[in-house]
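Worksheet: one structure, shown below.
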Amino acid sequence: GEDVEQSLFLSVREGDSSVINCTYTDSSSTYLYWYKQEPGAGLQLLTYIFSNMDMKQDQRLTVLLNKKDKHLSLRIADTQTGDSAIYFCAESTPGNTGKLIFGQGTTLQVKP
Amino acid sequence: KAGVTQTPRYLIKTRGQQVTLSCSPISGHRSVSWYQQTPGQGLQFLFEYFSETQRNKGNFPGRFSGRQFSNSRSEMNVSTLELGDSALYLCASSLDVSPGELFFGEGSRLTVL
């Protein structure tokens, strides 16, 4: 079945690196996504990775994908207070661009 | 370029009433999806519309329905409201091409008393 799991909370100091982890179950997922939600706002796509890739880097963001273990991680370098938000991992569903399966979200707290 | 617009942003209803939420997608986007977000269940897919046709439906009761108009604007309706329908309802639009980036609106927060 389709299921995405994330830890619920992560607290880091400003300037440190943050690593948010996610596991998924559907090995047929083509794309895996990371979304960010700030208070009172909708979700914003941060980055995505194609399932045949191992890593993707985009400025301060690094995504690692271990397809064998169905494990996805998002590393935020030099974390800032403005990065405080809820981060959602999501997997695509075959043939459905509008339907994503989301994890429960990880609340990232960045302390000054 | 205007983003996804959802109205109303906040609303309060009582049990048994019905509610209609509206979503205007980004210009040129023909796919509109709806999600329900609650603290307990997280983000759950409701349905997706493309070119006025429902293309996919999540696991919600028939009280939840939607439609899409020829200009791609979409509405969702919840009838016979229950307390458990209190949630943030998010609409997302996309170009319907891989990798399927969804652009979300800010949501409509529904409180059922």
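In the structure tokens, chains take the letters A, B, ... in the order shown, each chain's residues start at 1, and ligands count up from 1 in the order shown.
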
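Using only C-alpha atoms, the chain B residues found within 6 Å of chain A amount to B:Ser33, B:Gly42, B:Asp96, B:Gly100, B:Phe104, B:Gly105, B:Glu106.
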
What's around Thr107 (chain A) at 6 Å? Count only C-alpha atoms, leave out sequence neighbours fewer than 4 positions away in its own chain, and write the answer as number ranges by chain.
A: 9, 85-86

What's around Phe45 (chain B) at 7 Å? Count only C-alpha atoms, leave out sequence neighbours fewer than 6 positions away in its own chain, and write the answer as an MDAnalysis selection string.
(chainID A and resid 99) or (chainID B and resid 34:36 58)

Where does DSSP see strand (DSSP E) in chain A, if you list the residues as a PyMOL selection string?
chain A and resi 4-6+9-13+18-24+31-37+43-50+55-58+61-66+71-76+85-93+96-102+106-111

Selected residues written out with C-alpha atoms, as a PDB file, in the first residue's frame:
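Saved result, again.pdb, follows:
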```
ATOM      1  CA  VAL A   4       4.964   7.767   3.823  1.00  0.00           C
ATOM      2  CA  GLU A   5       6.492   8.126   7.275  1.00  0.00           C
ATOM      3  CA  GLN A   6       8.383  11.018   8.814  1.00  0.00           C
ATOM      4  CA  PHE A   9       9.863  17.166  15.158  1.00  0.00           C
ATOM      5  CA  LEU A  10      13.428  18.383  14.731  1.00  0.00           C
ATOM      6  CA  SER A  11      15.164  21.180  16.601  1.00  0.00           C
ATOM      7  CA  VAL A  12      18.498  22.661  15.504  1.00  0.00           C
ATOM      8  CA  ARG A  13      20.632  25.704  16.192  1.00  0.00           C
ATOM      9  CA  SER A  18      19.258  19.967   9.456  1.00  0.00           C
ATOM     10  CA  VAL A  19      18.477  16.496   8.197  1.00  0.00           C
ATOM     11  CA  ILE A  20      14.860  15.458   7.781  1.00  0.00           C
ATOM     12  CA  ASN A  21      14.190  11.810   7.042  1.00  0.00           C
ATOM     13  CA  CYS A  22      11.361  10.031   5.294  1.00  0.00           C
ATOM     14  CA  THR A  23      10.500   6.459   4.368  1.00  0.00           C
ATOM     15  CA  TYR A  24       8.015   5.432   1.718  1.00  0.00           C
ATOM     16  CA  TYR A  31       9.145  11.190  -8.207  1.00  0.00           C
ATOM     17  CA  LEU A  32       9.675  12.070  -4.581  1.00  0.00           C
ATOM     18  CA  TYR A  33       9.103  15.571  -3.350  1.00  0.00           C
ATOM     19  CA  TRP A  34       9.855  17.867  -0.466  1.00  0.00           C
ATOM     20  CA  TYR A  35       7.330  20.569   0.344  1.00  0.00           C
ATOM     21  CA  LYS A  36       7.514  23.335   2.942  1.00  0.00           C
ATOM     22  CA  GLN A  37       4.569  24.822   4.803  1.00  0.00           C
ATOM     23  CA  LEU A  43       2.542  24.152   0.642  1.00  0.00           C
ATOM     24  CA  GLN A  44       5.515  25.263  -1.409  1.00  0.00           C
ATOM     25  CA  LEU A  45       7.573  22.820  -3.457  1.00  0.00           C
ATOM     26  CA  LEU A  46      11.206  22.925  -2.360  1.00  0.00           C
ATOM     27  CA  THR A  47      12.679  20.250  -4.546  1.00  0.00           C
ATOM     28  CA  TYR A  48      12.018  16.867  -6.073  1.00  0.00           C
ATOM     29  CA  ILE A  49      14.092  13.889  -7.141  1.00  0.00           C
ATOM     30  CA  PHE A  50      13.519  11.375  -9.881  1.00  0.00           C
ATOM     31  CA  MET A  55      21.283  12.633  -4.969  1.00  0.00           C
ATOM     32  CA  LYS A  56      20.209  16.083  -5.970  1.00  0.00           C
ATOM     33  CA  GLN A  57      21.689  19.344  -4.765  1.00  0.00           C
ATOM     34  CA  ASP A  58      20.028  22.721  -5.023  1.00  0.00           C
ATOM     35  CA  LEU A  61      19.315  21.781  -0.075  1.00  0.00           C
ATOM     36  CA  THR A  62      20.610  18.250  -0.644  1.00  0.00           C
ATOM     37  CA  VAL A  63      18.268  15.352  -1.279  1.00  0.00           C
ATOM     38  CA  LEU A  64      19.497  11.787  -0.850  1.00  0.00           C
ATOM     39  CA  LEU A  65      17.520   8.807  -2.085  1.00  0.00           C
ATOM     40  CA  ASN A  66      18.180   5.215  -1.093  1.00  0.00           C
ATOM     41  CA  HIS A  71      14.547   6.155   2.359  1.00  0.00           C
ATOM     42  CA  LEU A  72      14.604   9.821   1.425  1.00  0.00           C
ATOM     43  CA  SER A  73      16.332  12.624   3.266  1.00  0.00           C
ATOM     44  CA  LEU A  74      16.494  16.388   2.998  1.00  0.00           C
ATOM     45  CA  ARG A  75      19.572  18.180   4.274  1.00  0.00           C
ATOM     46  CA  ILE A  76      19.422  21.931   4.798  1.00  0.00           C
ATOM     47  CA  ALA A  85       8.374  25.442   9.094  1.00  0.00           C
ATOM     48  CA  ILE A  86       6.756  22.068   8.529  1.00  0.00           C
ATOM     49  CA  TYR A  87       8.449  19.932   5.886  1.00  0.00           C
ATOM     50  CA  PHE A  88       6.501  17.298   4.012  1.00  0.00           C
ATOM     51  CA  CYS A  89       7.865  14.387   2.087  1.00  0.00           C
ATOM     52  CA  ALA A  90       5.590  13.135  -0.710  1.00  0.00           C
ATOM     53  CA  GLU A  91       5.612  10.423  -3.331  1.00  0.00           C
ATOM     54  CA  SER A  92       3.959  10.450  -6.720  1.00  0.00           C
ATOM     55  CA  THR A  93       1.369   7.896  -7.721  1.00  0.00           C
ATOM     56  CA  ASN A  96      -1.590  10.671 -11.443  1.00  0.00           C
ATOM     57  CA  THR A  97       0.167  14.003 -11.484  1.00  0.00           C
ATOM     58  CA  GLY A  98      -2.383  15.572  -9.147  1.00  0.00           C
ATOM     59  CA  LYS A  99      -2.351  12.901  -6.473  1.00  0.00           C
ATOM     60  CA  LEU A 100       0.569  12.779  -4.091  1.00  0.00           C
ATOM     61  CA  ILE A 101       0.914  10.727  -0.941  1.00  0.00           C
ATOM     62  CA  PHE A 102       2.199  12.946   1.842  1.00  0.00           C
ATOM     63  CA  THR A 106       8.294  17.259  10.237  1.00  0.00           C
ATOM     64  CA  THR A 107       8.213  20.477  12.247  1.00  0.00           C
ATOM     65  CA  LEU A 108      11.636  22.097  12.068  1.00  0.00           C
ATOM     66  CA  GLN A 109      12.410  24.489  14.887  1.00  0.00           C
ATOM     67  CA  VAL A 110      15.507  26.654  14.419  1.00  0.00           C
ATOM     68  CA  LYS A 111      16.825  28.246  17.563  1.00  0.00           C
TER      69      LYS A 111
END
```

Distance query Tyr10 (chain B) at most 8 Å, only C-alpha atoms, self and fewer than 2 positions along chain excluded, as a PDB file with C-alpha atoms, in the first residue's frame:
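Result file follows (around_15.pdb):
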```
ATOM      1  CA  PRO B   8     -13.275  31.884   1.472  1.00  0.00           C
ATOM      2  CA  ILE B  12     -17.613  28.555  10.409  1.00  0.00           C
ATOM      3  CA  SER B 108      -9.843  27.444   3.264  1.00  0.00           C
ATOM      4  CA  ARG B 109     -10.078  26.773   6.980  1.00  0.00           C
ATOM      5  CA  LEU B 110     -13.420  25.237   7.840  1.00  0.00           C
TER       6      LEU B 110
END
```

Find the spatial neighbours of Ser17 (chain A), counting only C-alpha atoms, within a cut-off of 6 Å - ignore same-chain residues fewer than 5 positions away - and output them as a ChimeraX atom specification.
/A:76-79

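Going from CA of Gly62 (chain B) over to CA of Gly16 (chain B), you cover 14.5 Å.
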
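Picture a line from CA of Arg9 (chain B) to CA of Ser24 (chain B); it runs 12.9 Å.
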
Excluding Glu52 (chain B) and any residue of its chain fewer than 6 positions from it, enumerate the residues within 8 Å of it, using only C-alpha atoms, and give them as a ChimeraX atom specification.
/B:67-70,72

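What separates CA of Cys91 (chain B) from CA of Asp26 (chain A) is a distance of 24.1 Å.
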
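Around Pro61 (chain B), within 10 Å and counting only C-alpha atoms, the residues found are Leu46, Gly58, Phe64, Ser65 and Val78 of chain B, once anything fewer than 3 positions away on its own chain is removed.
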
Could you take the residues named above and write them with C-alpha atoms, as a PDB file, in the first residue's frame?
```
ATOM      1  CA  LEU B  46      -9.763  14.309  -2.005  1.00  0.00           C
ATOM      2  CA  GLY B  58      -9.580   9.714  -2.736  1.00  0.00           C
ATOM      3  CA  PHE B  64     -17.584  15.311  -0.529  1.00  0.00           C
ATOM      4  CA  SER B  65     -17.989  16.329  -4.135  1.00  0.00           C
ATOM      5  CA  VAL B  78     -19.333  19.118   1.545  1.00  0.00           C
TER       6      VAL B  78
END
```

In terms of only C-alpha atoms, the residue from B:Gln37, B:Ser93, B:Ser22, B:Ser31 at minimal distance from Tyr49 (chain B) is B:Ser31
